[in-house]
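K.L.:
Below is final.cif; it holds mmCIF, N, CA and C atoms and all ligand atoms.
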data_structure
#
loop_
_atom_site.label_atom_id
_atom_site.label_comp_id
_atom_site.auth_asym_id
_atom_site.auth_seq_id
_atom_site.Cartn_x
_atom_site.Cartn_y
_atom_site.Cartn_z
N MET X 1 35.24 -39.29 -1.80
CA MET X 1 35.68 -38.36 -0.75
C MET X 1 35.64 -39.06 0.60
N GLN X 2 36.67 -38.82 1.39
CA GLN X 2 36.73 -39.43 2.72
C GLN X 2 36.40 -38.41 3.80
N TRP X 3 35.98 -38.92 4.93
CA TRP X 3 35.79 -38.09 6.12
C TRP X 3 37.16 -37.54 6.51
N LYS X 4 37.19 -36.35 7.10
CA LYS X 4 38.47 -35.81 7.58
C LYS X 4 38.99 -36.70 8.71
N SER X 5 40.30 -36.58 9.00
CA SER X 5 40.85 -37.36 10.11
C SER X 5 40.22 -36.84 11.40
N PRO X 6 40.17 -37.67 12.44
CA PRO X 6 39.61 -37.20 13.72
C PRO X 6 40.29 -35.94 14.25
N GLU X 7 41.59 -35.81 14.01
CA GLU X 7 42.32 -34.62 14.48
C GLU X 7 41.89 -33.37 13.71
N GLU X 8 41.82 -33.50 12.39
CA GLU X 8 41.38 -32.36 11.55
C GLU X 8 39.94 -31.99 11.89
N TRP X 9 39.12 -33.01 12.07
CA TRP X 9 37.71 -32.78 12.36
C TRP X 9 37.54 -32.06 13.68
N GLU X 10 38.32 -32.45 14.68
CA GLU X 10 38.24 -31.82 16.00
C GLU X 10 38.59 -30.33 15.91
N LYS X 11 39.61 -30.01 15.13
CA LYS X 11 39.99 -28.60 14.93
C LYS X 11 38.84 -27.82 14.28
N LEU X 12 38.28 -28.43 13.25
CA LEU X 12 37.18 -27.78 12.53
C LEU X 12 35.99 -27.58 13.46
N LYS X 13 35.70 -28.57 14.29
CA LYS X 13 34.60 -28.46 15.25
C LYS X 13 34.82 -27.31 16.22
N GLN X 14 36.09 -27.05 16.52
CA GLN X 14 36.40 -25.93 17.42
C GLN X 14 36.38 -24.59 16.68
N GLY X 15 36.18 -24.62 15.38
CA GLY X 15 36.12 -23.39 14.60
C GLY X 15 37.47 -22.95 14.07
N ILE X 16 38.50 -23.79 14.26
CA ILE X 16 39.84 -23.44 13.78
C ILE X 16 39.88 -23.64 12.27
N ASP X 17 40.19 -22.56 11.56
CA ASP X 17 40.22 -22.57 10.09
C ASP X 17 38.86 -22.96 9.48
N CYS X 18 37.78 -22.61 10.17
CA CYS X 18 36.44 -22.91 9.63
C CYS X 18 36.17 -21.99 8.44
N PRO X 19 35.92 -22.54 7.27
CA PRO X 19 35.70 -21.69 6.10
C PRO X 19 34.43 -20.84 6.21
N MET X 20 33.44 -21.31 6.96
CA MET X 20 32.22 -20.51 7.12
C MET X 20 32.48 -19.31 8.02
N CYS X 21 33.19 -19.53 9.11
CA CYS X 21 33.52 -18.40 10.00
C CYS X 21 34.29 -17.33 9.21
N ALA X 22 35.11 -17.78 8.27
CA ALA X 22 35.95 -16.84 7.51
C ALA X 22 35.16 -15.94 6.57
N ASP X 23 34.08 -16.48 5.97
CA ASP X 23 33.47 -15.66 4.91
C ASP X 23 31.94 -15.61 4.90
N ILE X 24 31.31 -16.13 5.94
CA ILE X 24 29.85 -16.22 5.92
C ILE X 24 29.19 -14.83 6.01
N HIS X 25 29.90 -13.86 6.51
CA HIS X 25 29.36 -12.52 6.70
C HIS X 25 29.61 -11.58 5.51
N LEU X 26 30.42 -12.02 4.55
CA LEU X 26 30.80 -11.14 3.45
C LEU X 26 29.64 -10.89 2.49
N VAL X 27 29.64 -9.74 1.87
CA VAL X 27 28.60 -9.40 0.88
C VAL X 27 28.58 -10.44 -0.23
N GLU X 28 29.76 -10.89 -0.63
CA GLU X 28 29.87 -11.95 -1.62
C GLU X 28 31.04 -12.83 -1.24
N ASN X 29 30.86 -14.12 -1.31
CA ASN X 29 31.99 -15.03 -1.15
C ASN X 29 32.01 -15.99 -2.34
N GLN X 30 32.83 -16.98 -2.29
CA GLN X 30 32.98 -17.87 -3.44
C GLN X 30 31.66 -18.53 -3.85
N PHE X 31 30.81 -18.81 -2.86
CA PHE X 31 29.62 -19.62 -3.14
C PHE X 31 28.29 -18.87 -3.13
N SER X 32 28.27 -17.68 -2.53
CA SER X 32 26.96 -17.06 -2.32
C SER X 32 27.03 -15.55 -2.12
N PHE X 33 25.82 -14.97 -2.11
CA PHE X 33 25.67 -13.53 -1.85
C PHE X 33 24.89 -13.36 -0.54
N LEU X 34 25.28 -12.35 0.24
CA LEU X 34 24.56 -12.07 1.47
C LEU X 34 23.19 -11.48 1.15
N LEU X 35 22.15 -12.11 1.69
CA LEU X 35 20.79 -11.56 1.56
C LEU X 35 20.50 -10.63 2.72
N ALA X 36 20.83 -11.09 3.92
CA ALA X 36 20.54 -10.29 5.11
C ALA X 36 21.28 -10.82 6.31
N GLU X 37 21.58 -9.89 7.23
CA GLU X 37 22.06 -10.29 8.55
C GLU X 37 20.84 -10.30 9.45
N LEU X 38 20.53 -11.44 10.02
CA LEU X 38 19.36 -11.56 10.89
C LEU X 38 19.84 -11.66 12.34
N SER X 39 18.92 -11.92 13.27
CA SER X 39 19.31 -11.84 14.68
C SER X 39 20.40 -12.85 15.05
N GLN X 40 20.30 -14.07 14.55
CA GLN X 40 21.27 -15.10 14.91
C GLN X 40 22.03 -15.65 13.72
N SER X 41 21.74 -15.13 12.55
CA SER X 41 22.28 -15.80 11.35
C SER X 41 22.51 -14.83 10.19
N TYR X 42 23.18 -15.39 9.19
CA TYR X 42 23.30 -14.71 7.91
C TYR X 42 22.55 -15.55 6.88
N ALA X 43 21.70 -14.90 6.10
CA ALA X 43 20.98 -15.58 5.03
C ALA X 43 21.73 -15.29 3.74
N ARG X 44 21.98 -16.34 2.96
CA ARG X 44 22.79 -16.19 1.75
C ARG X 44 22.15 -16.92 0.57
N LEU X 45 22.10 -16.24 -0.56
CA LEU X 45 21.61 -16.85 -1.79
C LEU X 45 22.79 -17.53 -2.48
N SER X 46 22.64 -18.81 -2.75
CA SER X 46 23.71 -19.55 -3.41
C SER X 46 23.93 -19.03 -4.83
N LYS X 47 25.18 -18.96 -5.23
CA LYS X 47 25.46 -18.57 -6.63
C LYS X 47 25.00 -19.67 -7.57
N ASN X 48 25.13 -20.91 -7.13
CA ASN X 48 24.66 -22.03 -7.95
C ASN X 48 23.15 -22.13 -7.77
N GLN X 49 22.43 -21.72 -8.79
CA GLN X 49 20.97 -21.74 -8.75
C GLN X 49 20.40 -22.90 -9.56
N TYR X 50 21.15 -24.01 -9.63
CA TYR X 50 20.62 -25.21 -10.28
C TYR X 50 19.31 -25.59 -9.60
N HIS X 51 19.29 -25.49 -8.26
CA HIS X 51 18.04 -25.61 -7.51
C HIS X 51 17.56 -24.17 -7.31
N LYS X 52 16.55 -23.78 -8.08
CA LYS X 52 16.09 -22.39 -8.08
C LYS X 52 15.70 -21.95 -6.66
N GLY X 53 16.29 -20.85 -6.23
CA GLY X 53 15.96 -20.31 -4.91
C GLY X 53 16.83 -20.84 -3.78
N TYR X 54 17.75 -21.72 -4.11
CA TYR X 54 18.61 -22.35 -3.08
C TYR X 54 19.31 -21.29 -2.22
N THR X 55 19.01 -21.35 -0.95
CA THR X 55 19.48 -20.36 0.02
C THR X 55 20.02 -21.09 1.25
N VAL X 56 20.98 -20.49 1.91
CA VAL X 56 21.54 -21.07 3.13
C VAL X 56 21.39 -20.04 4.26
N VAL X 57 20.97 -20.53 5.43
CA VAL X 57 20.90 -19.67 6.61
C VAL X 57 21.91 -20.23 7.61
N ALA X 58 22.99 -19.48 7.84
CA ALA X 58 24.09 -19.96 8.68
C ALA X 58 24.16 -19.18 9.98
N LEU X 59 24.38 -19.90 11.05
CA LEU X 59 24.52 -19.27 12.37
C LEU X 59 25.70 -18.28 12.32
N LYS X 60 25.53 -17.13 12.98
CA LYS X 60 26.59 -16.12 12.96
C LYS X 60 27.87 -16.63 13.63
N ARG X 61 27.69 -17.29 14.75
CA ARG X 61 28.89 -17.73 15.48
C ARG X 61 29.13 -19.21 15.18
N HIS X 62 30.30 -19.67 15.53
CA HIS X 62 30.60 -21.08 15.28
C HIS X 62 29.99 -21.98 16.35
N ALA X 63 29.19 -22.92 15.92
CA ALA X 63 28.69 -23.99 16.78
C ALA X 63 28.41 -25.17 15.86
N ASN X 64 28.53 -26.37 16.40
CA ASN X 64 28.41 -27.58 15.58
C ASN X 64 27.03 -28.18 15.57
N GLU X 65 26.44 -28.22 16.74
CA GLU X 65 25.18 -28.94 16.89
C GLU X 65 24.12 -28.02 17.47
N LEU X 66 22.88 -28.25 17.10
CA LEU X 66 21.79 -27.41 17.62
C LEU X 66 21.72 -27.44 19.14
N PHE X 67 22.08 -28.58 19.73
CA PHE X 67 21.98 -28.67 21.19
C PHE X 67 23.03 -27.85 21.92
N GLU X 68 23.99 -27.29 21.18
CA GLU X 68 25.00 -26.42 21.81
C GLU X 68 24.47 -25.00 22.02
N LEU X 69 23.34 -24.68 21.40
CA LEU X 69 22.82 -23.31 21.48
C LEU X 69 21.97 -23.12 22.74
N ALA X 70 22.07 -21.93 23.30
CA ALA X 70 21.20 -21.57 24.43
C ALA X 70 19.77 -21.50 23.89
N PRO X 71 18.77 -21.73 24.74
CA PRO X 71 17.38 -21.76 24.26
C PRO X 71 16.97 -20.53 23.45
N GLU X 72 17.38 -19.33 23.88
CA GLU X 72 16.99 -18.11 23.15
C GLU X 72 17.68 -18.05 21.79
N GLU X 73 18.93 -18.49 21.77
CA GLU X 73 19.70 -18.49 20.53
C GLU X 73 19.09 -19.49 19.54
N LEU X 74 18.73 -20.65 20.04
CA LEU X 74 18.11 -21.69 19.21
C LEU X 74 16.78 -21.20 18.65
N ALA X 75 15.97 -20.60 19.52
CA ALA X 75 14.67 -20.08 19.07
C ALA X 75 14.88 -18.97 18.04
N GLY X 76 15.86 -18.12 18.27
CA GLY X 76 16.15 -17.02 17.35
C GLY X 76 16.62 -17.54 16.00
N TYR X 77 17.42 -18.60 16.03
CA TYR X 77 17.91 -19.18 14.78
C TYR X 77 16.75 -19.72 13.95
N TRP X 78 15.85 -20.47 14.59
CA TRP X 78 14.72 -21.02 13.85
C TRP X 78 13.76 -19.93 13.38
N LYS X 79 13.69 -18.87 14.16
CA LYS X 79 12.86 -17.73 13.74
C LYS X 79 13.45 -17.12 12.46
N ASP X 80 14.77 -17.00 12.42
CA ASP X 80 15.44 -16.50 11.22
C ASP X 80 15.14 -17.41 10.03
N VAL X 81 15.26 -18.73 10.26
CA VAL X 81 15.02 -19.70 9.18
C VAL X 81 13.59 -19.55 8.66
N ALA X 82 12.64 -19.42 9.57
CA ALA X 82 11.24 -19.28 9.17
C ALA X 82 11.01 -17.99 8.40
N GLN X 83 11.66 -16.93 8.84
CA GLN X 83 11.54 -15.63 8.16
C GLN X 83 12.05 -15.72 6.72
N VAL X 84 13.18 -16.36 6.54
CA VAL X 84 13.74 -16.52 5.20
C VAL X 84 12.84 -17.43 4.36
N ALA X 85 12.32 -18.49 4.97
CA ALA X 85 11.43 -19.41 4.25
C ALA X 85 10.19 -18.66 3.76
N LYS X 86 9.64 -17.81 4.59
CA LYS X 86 8.46 -17.04 4.19
C LYS X 86 8.78 -16.13 3.01
N ALA X 87 9.95 -15.50 3.06
CA ALA X 87 10.36 -14.62 1.96
C ALA X 87 10.52 -15.43 0.67
N LEU X 88 11.19 -16.59 0.77
CA LEU X 88 11.38 -17.43 -0.42
C LEU X 88 10.03 -17.91 -0.95
N TYR X 89 9.14 -18.25 -0.03
CA TYR X 89 7.81 -18.72 -0.42
C TYR X 89 7.05 -17.65 -1.19
N THR X 90 7.16 -16.43 -0.72
CA THR X 90 6.48 -15.31 -1.37
C THR X 90 7.06 -15.04 -2.76
N VAL X 91 8.38 -15.08 -2.84
CA VAL X 91 9.03 -14.75 -4.11
C VAL X 91 8.87 -15.87 -5.14
N TYR X 92 9.03 -17.12 -4.71
CA TYR X 92 9.05 -18.23 -5.68
C TYR X 92 7.72 -18.96 -5.84
N GLN X 93 6.78 -18.77 -4.90
CA GLN X 93 5.48 -19.44 -4.98
C GLN X 93 5.64 -20.95 -5.22
N PRO X 94 6.40 -21.62 -4.36
CA PRO X 94 6.68 -23.05 -4.60
C PRO X 94 5.59 -23.96 -4.04
N ALA X 95 5.79 -25.27 -4.29
CA ALA X 95 4.93 -26.27 -3.66
C ALA X 95 5.34 -26.42 -2.19
N LYS X 96 6.66 -26.37 -1.94
CA LYS X 96 7.16 -26.64 -0.59
C LYS X 96 8.58 -26.12 -0.45
N ILE X 97 8.93 -25.74 0.77
CA ILE X 97 10.32 -25.42 1.08
C ILE X 97 10.82 -26.52 2.02
N ASN X 98 11.95 -27.12 1.67
CA ASN X 98 12.55 -28.12 2.54
C ASN X 98 13.75 -27.52 3.27
N TYR X 99 13.96 -28.03 4.47
CA TYR X 99 15.00 -27.52 5.36
C TYR X 99 15.99 -28.65 5.62
N LEU X 100 17.21 -28.48 5.18
CA LEU X 100 18.20 -29.54 5.34
C LEU X 100 19.35 -29.04 6.21
N ILE X 101 19.58 -29.75 7.29
CA ILE X 101 20.72 -29.42 8.15
C ILE X 101 21.67 -30.60 8.12
N TYR X 102 22.81 -30.40 7.51
CA TYR X 102 23.81 -31.46 7.45
C TYR X 102 25.02 -31.07 8.33
N GLY X 103 26.08 -30.65 7.68
CA GLY X 103 27.26 -30.26 8.45
C GLY X 103 28.36 -31.30 8.47
N HIS X 104 28.24 -32.32 7.63
CA HIS X 104 29.28 -33.35 7.63
C HIS X 104 30.51 -32.94 6.81
N HIS X 105 30.42 -31.84 6.06
CA HIS X 105 31.61 -31.29 5.42
C HIS X 105 32.15 -30.13 6.25
N ILE X 106 31.26 -29.25 6.67
CA ILE X 106 31.64 -28.11 7.52
C ILE X 106 30.71 -28.11 8.73
N PRO X 107 31.22 -28.42 9.92
CA PRO X 107 30.35 -28.53 11.09
C PRO X 107 30.02 -27.17 11.72
N HIS X 108 29.61 -26.23 10.92
CA HIS X 108 29.18 -24.91 11.39
C HIS X 108 27.68 -24.89 11.06
N ILE X 109 26.85 -24.68 12.07
CA ILE X 109 25.40 -24.83 11.88
C ILE X 109 24.91 -23.97 10.72
N HIS X 110 24.31 -24.63 9.75
CA HIS X 110 23.69 -23.93 8.62
C HIS X 110 22.56 -24.79 8.08
N CYS X 111 21.54 -24.12 7.59
CA CYS X 111 20.37 -24.81 7.07
C CYS X 111 20.26 -24.53 5.56
N HIS X 112 20.29 -25.60 4.78
CA HIS X 112 20.08 -25.47 3.34
C HIS X 112 18.58 -25.38 3.12
N MET X 113 18.16 -24.39 2.39
CA MET X 113 16.73 -24.24 2.13
C MET X 113 16.49 -24.48 0.66
N LEU X 114 15.78 -25.57 0.39
CA LEU X 114 15.50 -25.96 -0.99
C LEU X 114 14.05 -25.68 -1.32
N VAL X 115 13.88 -24.98 -2.41
CA VAL X 115 12.55 -24.57 -2.85
C VAL X 115 12.10 -25.60 -3.89
N HIS X 116 10.97 -26.25 -3.61
CA HIS X 116 10.48 -27.30 -4.51
C HIS X 116 9.24 -26.84 -5.26
N PHE X 117 9.19 -27.21 -6.54
CA PHE X 117 8.12 -26.78 -7.42
C PHE X 117 7.26 -27.95 -7.88
N PHE X 118 6.05 -27.67 -8.25
CA PHE X 118 5.11 -28.72 -8.64
C PHE X 118 5.60 -29.56 -9.83
N GLU X 119 6.38 -28.94 -10.70
CA GLU X 119 6.83 -29.68 -11.89
C GLU X 119 7.95 -30.67 -11.58
N GLU X 120 8.45 -30.66 -10.34
CA GLU X 120 9.51 -31.59 -9.96
C GLU X 120 8.93 -32.91 -9.44
N ASP X 121 9.77 -33.92 -9.44
CA ASP X 121 9.40 -35.22 -8.87
C ASP X 121 9.65 -35.15 -7.35
N PRO X 122 8.58 -35.21 -6.54
CA PRO X 122 8.77 -35.08 -5.10
C PRO X 122 9.51 -36.25 -4.46
N SER X 123 9.64 -37.36 -5.18
CA SER X 123 10.34 -38.53 -4.63
C SER X 123 11.82 -38.56 -4.99
N LYS X 124 12.22 -37.62 -5.82
CA LYS X 124 13.62 -37.60 -6.25
C LYS X 124 14.54 -37.32 -5.06
N VAL X 125 15.62 -38.08 -4.95
CA VAL X 125 16.57 -37.89 -3.85
C VAL X 125 17.29 -36.56 -4.05
N VAL X 126 17.39 -35.79 -2.99
CA VAL X 126 18.03 -34.48 -3.08
C VAL X 126 19.54 -34.65 -3.19
N ASN X 127 20.10 -33.98 -4.17
CA ASN X 127 21.54 -33.98 -4.35
C ASN X 127 21.96 -32.53 -4.59
N LEU X 128 22.55 -31.93 -3.57
CA LEU X 128 22.90 -30.51 -3.67
C LEU X 128 23.97 -30.26 -4.74
N GLY X 129 24.74 -31.28 -5.05
CA GLY X 129 25.80 -31.12 -6.05
C GLY X 129 25.40 -31.66 -7.41
N GLU X 130 24.10 -31.76 -7.63
CA GLU X 130 23.58 -32.39 -8.83
C GLU X 130 23.97 -31.67 -10.13
N GLY X 131 24.00 -30.38 -10.10
CA GLY X 131 24.29 -29.64 -11.32
C GLY X 131 24.71 -28.22 -11.00
N GLU X 132 25.01 -27.47 -12.03
CA GLU X 132 25.42 -26.09 -11.84
C GLU X 132 24.63 -25.19 -12.78
N LYS X 133 24.14 -24.09 -12.22
CA LYS X 133 23.51 -23.07 -13.06
C LYS X 133 23.83 -21.72 -12.44
N TYR X 134 24.55 -20.93 -13.19
CA TYR X 134 24.94 -19.61 -12.70
C TYR X 134 24.20 -18.55 -13.50
N LEU X 135 23.82 -17.49 -12.82
CA LEU X 135 23.03 -16.44 -13.44
C LEU X 135 23.91 -15.25 -13.81
N ALA X 136 23.34 -14.36 -14.60
CA ALA X 136 24.03 -13.11 -14.89
C ALA X 136 23.97 -12.23 -13.64
N THR X 137 24.92 -11.35 -13.48
CA THR X 137 24.99 -10.49 -12.30
C THR X 137 23.67 -9.76 -12.06
N ALA X 138 23.06 -9.26 -13.12
CA ALA X 138 21.80 -8.52 -12.98
C ALA X 138 20.68 -9.42 -12.46
N GLU X 139 20.70 -10.68 -12.86
CA GLU X 139 19.67 -11.62 -12.39
C GLU X 139 19.82 -11.89 -10.89
N TYR X 140 21.07 -12.05 -10.44
CA TYR X 140 21.28 -12.21 -8.99
C TYR X 140 20.77 -10.98 -8.25
N GLN X 141 21.14 -9.81 -8.77
CA GLN X 141 20.75 -8.56 -8.09
C GLN X 141 19.24 -8.43 -7.99
N GLN X 142 18.56 -8.84 -9.05
CA GLN X 142 17.10 -8.79 -9.09
C GLN X 142 16.50 -9.74 -8.04
N LYS X 143 17.01 -10.97 -8.00
CA LYS X 143 16.51 -11.96 -7.03
C LYS X 143 16.78 -11.49 -5.61
N ILE X 144 17.99 -11.02 -5.38
CA ILE X 144 18.38 -10.58 -4.04
C ILE X 144 17.45 -9.44 -3.59
N ALA X 145 17.19 -8.51 -4.48
CA ALA X 145 16.32 -7.37 -4.14
C ALA X 145 14.91 -7.86 -3.81
N LYS X 146 14.40 -8.80 -4.59
CA LYS X 146 13.05 -9.32 -4.37
C LYS X 146 12.95 -10.04 -3.02
N ILE X 147 13.94 -10.83 -2.72
CA ILE X 147 13.92 -11.58 -1.44
C ILE X 147 14.06 -10.60 -0.27
N ARG X 148 14.97 -9.64 -0.41
CA ARG X 148 15.17 -8.64 0.66
C ARG X 148 13.89 -7.87 0.97
N GLU X 149 13.12 -7.59 -0.08
CA GLU X 149 11.85 -6.85 0.12
C GLU X 149 10.92 -7.60 1.07
N GLN X 150 11.05 -8.92 1.09
CA GLN X 150 10.15 -9.76 1.89
C GLN X 150 10.71 -10.07 3.28
N LEU X 151 11.96 -9.69 3.52
CA LEU X 151 12.56 -10.00 4.83
C LEU X 151 12.28 -8.93 5.87
ZN ZN I 1 32.58 -21.78 11.77
#
Re-express the file's structure as structure tokens.
Ligand SMILES: [Zn+2]
P.N.:
Amino acid sequence: MQWKSPEEWEKLKQGIDCPMCADIHLVENQFSFLLAELSQSYARLSKNQYHKGYTVVALKRHANELFELAPEELAGYWKDVAQVAKALYTVYQPAKINYLIYGHHIPHIHCHMLVHFFEEDPSKVVNLGEGEKYLATAEYQQKIAKIREQL
């Protein structure tokens, strides 16, 4: 896979045809289910649960870099991330929650939250596209309800 052209990338950075802006607020989109609308973000449970508990917290509005946010907005965003992390921690009882902010495919601020368990190798390189595991509808609903209870 190649980086987008500088022209395409510039458009995406401006939020033009940004796929996250288009569907990040929906109850369900191609990749995830809405867990909650928080003060600065939407928390979403990934449909691909190969990494158990994999959740994304995406900024409500389009911005590319953390330094573009006003101080209150930035603080609010991290507060949202921490709130979701606490909920995931309570539900999954993991060893650790990792926070990954990339954006090299879609430059719309979002934090991948990976829940790590004791039975995993802590030195293993994280690969979000490593595998696929999809749950039955009822299992998603159960997980979503449990996480929402903690938010
Ligand atoms: Zn966007």
K.L.:
Neighbours of ligand ZN 1 (chain I) at 9 Å or closer, counting only C-alpha atoms and all ligand atoms: which residues, as a list in words?
P.N.:
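Based on only C-alpha atoms and all ligand atoms, ligand ZN 1 (chain I) is surrounded within 9 Å by Leu12, Lys13, Gln14, Gly15, Ile16, Asp17, Cys18, Pro19, Met20, Cys21, Ala22, Ile24, Leu59, Lys60, Arg61, His62, Ala63, Asn64, Ile106, Pro107, His108 and Ile109 of chain X.
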K.L.:
Write the residues of the preceding selection, restricted to N, CA and C atoms, as a PDB file, in the frame of the given file.
P.N.:
ATOM      1  N   LEU X  12      38.280 -28.430  13.250  1.00  0.00           N
ATOM      2  CA  LEU X  12      37.180 -27.780  12.530  1.00  0.00           C
ATOM      3  C   LEU X  12      35.990 -27.580  13.460  1.00  0.00           C
ATOM      4  N   LYS X  13      35.700 -28.570  14.290  1.00  0.00           N
ATOM      5  CA  LYS X  13      34.600 -28.460  15.250  1.00  0.00           C
ATOM      6  C   LYS X  13      34.820 -27.310  16.220  1.00  0.00           C
ATOM      7  N   GLN X  14      36.090 -27.050  16.520  1.00  0.00           N
ATOM      8  CA  GLN X  14      36.400 -25.930  17.420  1.00  0.00           C
ATOM      9  C   GLN X  14      36.380 -24.590  16.680  1.00  0.00           C
ATOM     10  N   GLY X  15      36.180 -24.620  15.380  1.00  0.00           N
ATOM     11  CA  GLY X  15      36.120 -23.390  14.600  1.00  0.00           C
ATOM     12  C   GLY X  15      37.470 -22.950  14.070  1.00  0.00           C
ATOM     13  N   ILE X  16      38.500 -23.790  14.260  1.00  0.00           N
ATOM     14  CA  ILE X  16      39.840 -23.440  13.780  1.00  0.00           C
ATOM     15  C   ILE X  16      39.880 -23.640  12.270  1.00  0.00           C
ATOM     16  N   ASP X  17      40.190 -22.560  11.560  1.00  0.00           N
ATOM     17  CA  ASP X  17      40.220 -22.570  10.090  1.00  0.00           C
ATOM     18  C   ASP X  17      38.860 -22.960   9.480  1.00  0.00           C
ATOM     19  N   CYS X  18      37.780 -22.610  10.170  1.00  0.00           N
ATOM     20  CA  CYS X  18      36.440 -22.910   9.630  1.00  0.00           C
ATOM     21  C   CYS X  18      36.170 -21.990   8.440  1.00  0.00           C
ATOM     22  N   PRO X  19      35.920 -22.540   7.270  1.00  0.00           N
ATOM     23  CA  PRO X  19      35.700 -21.690   6.100  1.00  0.00           C
ATOM     24  C   PRO X  19      34.430 -20.840   6.210  1.00  0.00           C
ATOM     25  N   MET X  20      33.440 -21.310   6.960  1.00  0.00           N
ATOM     26  CA  MET X  20      32.220 -20.510   7.120  1.00  0.00           C
ATOM     27  C   MET X  20      32.480 -19.310   8.020  1.00  0.00           C
ATOM     28  N   CYS X  21      33.190 -19.530   9.110  1.00  0.00           N
ATOM     29  CA  CYS X  21      33.520 -18.400  10.000  1.00  0.00           C
ATOM     30  C   CYS X  21      34.290 -17.330   9.210  1.00  0.00           C
ATOM     31  N   ALA X  22      35.110 -17.780   8.270  1.00  0.00           N
ATOM     32  CA  ALA X  22      35.950 -16.840   7.510  1.00  0.00           C
ATOM     33  C   ALA X  22      35.160 -15.940   6.570  1.00  0.00           C
ATOM     34  N   ILE X  24      31.310 -16.130   5.940  1.00  0.00           N
ATOM     35  CA  ILE X  24      29.850 -16.220   5.920  1.00  0.00           C
ATOM     36  C   ILE X  24      29.190 -14.830   6.010  1.00  0.00           C
ATOM     37  N   LEU X  59      24.380 -19.900  11.050  1.00  0.00           N
ATOM     38  CA  LEU X  59      24.520 -19.270  12.370  1.00  0.00           C
ATOM     39  C   LEU X  59      25.700 -18.280  12.320  1.00  0.00           C
ATOM     40  N   LYS X  60      25.530 -17.130  12.980  1.00  0.00           N
ATOM     41  CA  LYS X  60      26.590 -16.120  12.960  1.00  0.00           C
ATOM     42  C   LYS X  60      27.870 -16.630  13.630  1.00  0.00           C
ATOM     43  N   ARG X  61      27.690 -17.290  14.750  1.00  0.00           N
ATOM     44  CA  ARG X  61      28.890 -17.730  15.480  1.00  0.00           C
ATOM     45  C   ARG X  61      29.130 -19.210  15.180  1.00  0.00           C
ATOM     46  N   HIS X  62      30.300 -19.670  15.530  1.00  0.00           N
ATOM     47  CA  HIS X  62      30.600 -21.080  15.280  1.00  0.00           C
ATOM     48  C   HIS X  62      29.990 -21.980  16.350  1.00  0.00           C
ATOM     49  N   ALA X  63      29.190 -22.920  15.920  1.00  0.00           N
ATOM     50  CA  ALA X  63      28.690 -23.990  16.780  1.00  0.00           C
ATOM     51  C   ALA X  63      28.410 -25.170  15.860  1.00  0.00           C
ATOM     52  N   ASN X  64      28.530 -26.370  16.400  1.00  0.00           N
ATOM     53  CA  ASN X  64      28.410 -27.580  15.580  1.00  0.00           C
ATOM     54  C   ASN X  64      27.030 -28.180  15.570  1.00  0.00           C
ATOM     55  N   ILE X 106      31.260 -29.250   6.670  1.00  0.00           N
ATOM     56  CA  ILE X 106      31.640 -28.110   7.520  1.00  0.00           C
ATOM     57  C   ILE X 106      30.710 -28.110   8.730  1.00  0.00           C
ATOM     58  N   PRO X 107      31.220 -28.420   9.920  1.00  0.00           N
ATOM     59  CA  PRO X 107      30.350 -28.530  11.090  1.00  0.00           C
ATOM     60  C   PRO X 107      30.020 -27.170  11.720  1.00  0.00           C
ATOM     61  N   HIS X 108      29.610 -26.230  10.920  1.00  0.00           N
ATOM     62  CA  HIS X 108      29.180 -24.910  11.390  1.00  0.00           C
ATOM     63  C   HIS X 108      27.680 -24.890  11.060  1.00  0.00           C
ATOM     64  N   ILE X 109      26.850 -24.680  12.070  1.00  0.00           N
ATOM     65  CA  ILE X 109      25.400 -24.830  11.880  1.00  0.00           C
ATOM     66  C   ILE X 109      24.910 -23.970  10.720  1.00  0.00           C
TER      67      ILE X 109
END
K.L.:
Would you mind reading off the distance between atom CA of Ala58 of chain X and atom CA of Cys111 of chain X, one decimal, in Å?
P.N.:
6.3 Å
K.L.:
In Å, rounded to a single decimal, give me how far atom C of Lys96 of chain X is from atom CA of Asp121 of chain X.
P.N.:
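So the two atoms, atom CA of Asp121 of chain X and atom C of Lys96 of chain X, lie 12.4 Å apart.
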K.L.:
DSSP on the backbone, then: every residue of chain X marked strand (DSSP E or B), written as a PyMOL selection string.
P.N.:
chain X and resi 28+32-37+41-46+55-59+96-100+110-116
K.L.:
Which residue, X:Leu151, X:Met113, X:Leu34, X:Ala136, has the smallest gap to Thr90 of chain X when you use only C-alpha atoms?
P.N.:
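Selected residue with least distance to Thr90 of chain X: X:Leu151.
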K.L.:
Given only C-alpha atoms as the basis, pick out the residue of X:Glu120, X:Thr137, X:Gln40, X:Thr55 nearest to Leu69 of chain X.
P.N.:
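Of X:Glu120, X:Thr137, X:Gln40, X:Thr55, the one nearest Leu69 of chain X is X:Gln40, counting only C-alpha atoms.
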